[in-house]
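Below is one structure, written out as structure tokens; comments come after it.
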Amino acid sequence: MINNMLLLAKTQKGLSDSQISHVDTDSLITKLVDYYEMIAEDRGITFEKSGKFERVLGDEGLLQRLFANLMSNAIYYAASDSTIMISATVFTSTTSLNVAEDEVRPSKQPWLRLTITNRLDKPLDQSQADKLFERFYRHDKTSHKYAGTGLGLSIVQAIANAHKGTVGITIKDEYFFEVTVGLLMA
């Protein structure tokens with residue numbers, strides 16, 4: 001937990017120019033899927049990738065942590081025998097990126113929107129999902145099935161913010177949990 005708190009503090013300062021490089025999201029996501037497939041397999045959960053995964057500007061280690069947290073959460077909270085979908089979409093300056101609404105954001109650089117969607121084991125409404133970025137907040141406080149500290153999505157949000165990106169959660173039909181991350185392309 002101390003390491004997680006230190007990471008949160010570190011990322012709140014943003015990234016220095018020396019930390020920023022071109023990160024291949026296709027390679028990064030493929031490696032993480034390969035790693036998490038064995039864990040997901042026990043519950044009959046599979047991964048499906050779609051779209052064009054482009055290079056983004058950022059710190060590869062931090063982005064790996066961001067997507068590892070999202071995939072880990074997706075597996076733990078997914079219904080058994082379901083599919084976790086990971087998609088990528090490119091947005092130019094004339095299209096939208098805002099993850100919550102289709103709001104136009106002026107930018108000379110294109111953005112990559114990465115979306116991870118999974119079917120939940122238990123229903124969740126949008127007002128409950130909106131609290132998930134709060135530090136130490138855990139939605140299911142009665143279950144000891146998950147050993148997390150409630151910092152995973154706070155870390156995701158801090159890393160996205162350090163990259164001048166966006167992150168949001170949308171609940172669809174109470175059972176579909178969708179996390180969208182927007183990052184500047186290289």
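Naming works like this for the structure tokens: A, B, ... for the chains as they're shown, residue 1 at the start of each chain, ligands 1 onward in shown order.
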
Identify, on the basis of only C-alpha atoms, every residue whose closest approach to Gln19 (chain A) does not exceed 10 Å; exclude the query and any residue fewer than 6 positions from it along the same chain; express the result as a PDB file with all heavy atoms, in the first residue's frame.
```pdb
ATOM      1  N   LEU A  57       2.293   8.930 -26.664  1.00  0.00           N
ATOM      2  CA  LEU A  57       3.371   9.588 -25.940  1.00  0.00           C
ATOM      3  C   LEU A  57       3.206   9.300 -24.458  1.00  0.00           C
ATOM      4  O   LEU A  57       2.125   9.516 -23.903  1.00  0.00           O
ATOM      5  CB  LEU A  57       3.325  11.105 -26.173  1.00  0.00           C
ATOM      6  CG  LEU A  57       3.632  11.565 -27.589  1.00  0.00           C
ATOM      7  CD1 LEU A  57       3.375  13.058 -27.726  1.00  0.00           C
ATOM      8  CD2 LEU A  57       5.074  11.235 -27.957  1.00  0.00           C
ATOM      9  N   GLY A  58       4.269   8.814 -23.823  1.00  0.00           N
ATOM     10  CA  GLY A  58       4.145   8.568 -22.388  1.00  0.00           C
ATOM     11  C   GLY A  58       5.294   7.780 -21.815  1.00  0.00           C
ATOM     12  O   GLY A  58       6.282   7.487 -22.482  1.00  0.00           O
ATOM     13  N   ASP A  59       5.128   7.440 -20.571  1.00  0.00           N
ATOM     14  CA  ASP A  59       6.088   6.625 -19.836  1.00  0.00           C
ATOM     15  C   ASP A  59       5.595   5.180 -19.918  1.00  0.00           C
ATOM     16  O   ASP A  59       4.521   4.853 -19.404  1.00  0.00           O
ATOM     17  CB  ASP A  59       6.150   7.107 -18.391  1.00  0.00           C
ATOM     18  CG  ASP A  59       7.090   6.286 -17.542  1.00  0.00           C
ATOM     19  OD1 ASP A  59       6.720   5.148 -17.177  1.00  0.00           O
ATOM     20  OD2 ASP A  59       8.200   6.780 -17.242  1.00  0.00           O
ATOM     21  N   GLU A  60       6.396   4.313 -20.549  1.00  0.00           N
ATOM     22  CA  GLU A  60       5.947   2.939 -20.792  1.00  0.00           C
ATOM     23  C   GLU A  60       5.645   2.185 -19.497  1.00  0.00           C
ATOM     24  O   GLU A  60       4.660   1.460 -19.403  1.00  0.00           O
ATOM     25  CB  GLU A  60       6.978   2.163 -21.617  1.00  0.00           C
ATOM     26  CG  GLU A  60       6.479   0.794 -22.012  1.00  0.00           C
ATOM     27  CD  GLU A  60       7.306   0.129 -23.092  1.00  0.00           C
ATOM     28  OE1 GLU A  60       8.314   0.701 -23.525  1.00  0.00           O
ATOM     29  OE2 GLU A  60       6.916  -0.977 -23.496  1.00  0.00           O
ATOM     30  N   GLY A  61       6.476   2.361 -18.476  1.00  0.00           N
ATOM     31  CA  GLY A  61       6.251   1.667 -17.208  1.00  0.00           C
ATOM     32  C   GLY A  61       4.950   2.090 -16.547  1.00  0.00           C
ATOM     33  O   GLY A  61       4.204   1.253 -16.032  1.00  0.00           O
ATOM     34  N   LEU A  62       4.672   3.385 -16.567  1.00  0.00           N
ATOM     35  CA  LEU A  62       3.425   3.870 -15.971  1.00  0.00           C
ATOM     36  C   LEU A  62       2.208   3.412 -16.772  1.00  0.00           C
ATOM     37  O   LEU A  62       1.183   3.025 -16.202  1.00  0.00           O
ATOM     38  CB  LEU A  62       3.439   5.394 -15.852  1.00  0.00           C
ATOM     39  CG  LEU A  62       4.385   5.971 -14.802  1.00  0.00           C
ATOM     40  CD1 LEU A  62       4.392   7.496 -14.869  1.00  0.00           C
ATOM     41  CD2 LEU A  62       4.002   5.491 -13.410  1.00  0.00           C
TER      42      LEU A  62
END
```

Q | Separation of CA of Thr89 (chain A) from CA of Lys52 (chain A) in Å | A | 6.5 Å

Q.
Need the shell around Ile169 (chain A): protein/DNA/RNA residues with any atom at most 7 Å away, counting only C-alpha atoms. Skip same-chain ones fewer than 4 positions apart. Format as a PyMOL selection string?
A. chain A and resi 129+178-180

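Coordinates place CA of Leu66 (chain A) at a distance of 17.3 Å from CA of Glu37 (chain A).
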
Q) Nearest to Phe53 (chain A): which of A:Lys108, A:Arg65, A:His22, A:Arg113 is it, counting only C-alpha atoms? A) A:Arg113

(Q) Could you check the closest approach to Thr92 (chain A) for each of A:Ala79, A:Leu153, A:Val181, A:Leu112 and tell me which residue wins, using only C-alpha atoms? (A) A:Leu112

Q) So which residues of region 28-101 of chain A fall under alpha helix (DSSP H) by DSSP, listed as a ChimeraX atom specification? A) /A:28-41,60-77

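Between CA of Gln109 (chain A) and CA of Ala74 (chain A) there is a distance of 29.7 Å.
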
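With only C-alpha atoms as the basis for measurement, A:Gly182 is the residue among A:Tyr36, A:Thr117, A:Gln64, A:Gly182 that approaches Lys164 (chain A) most closely.
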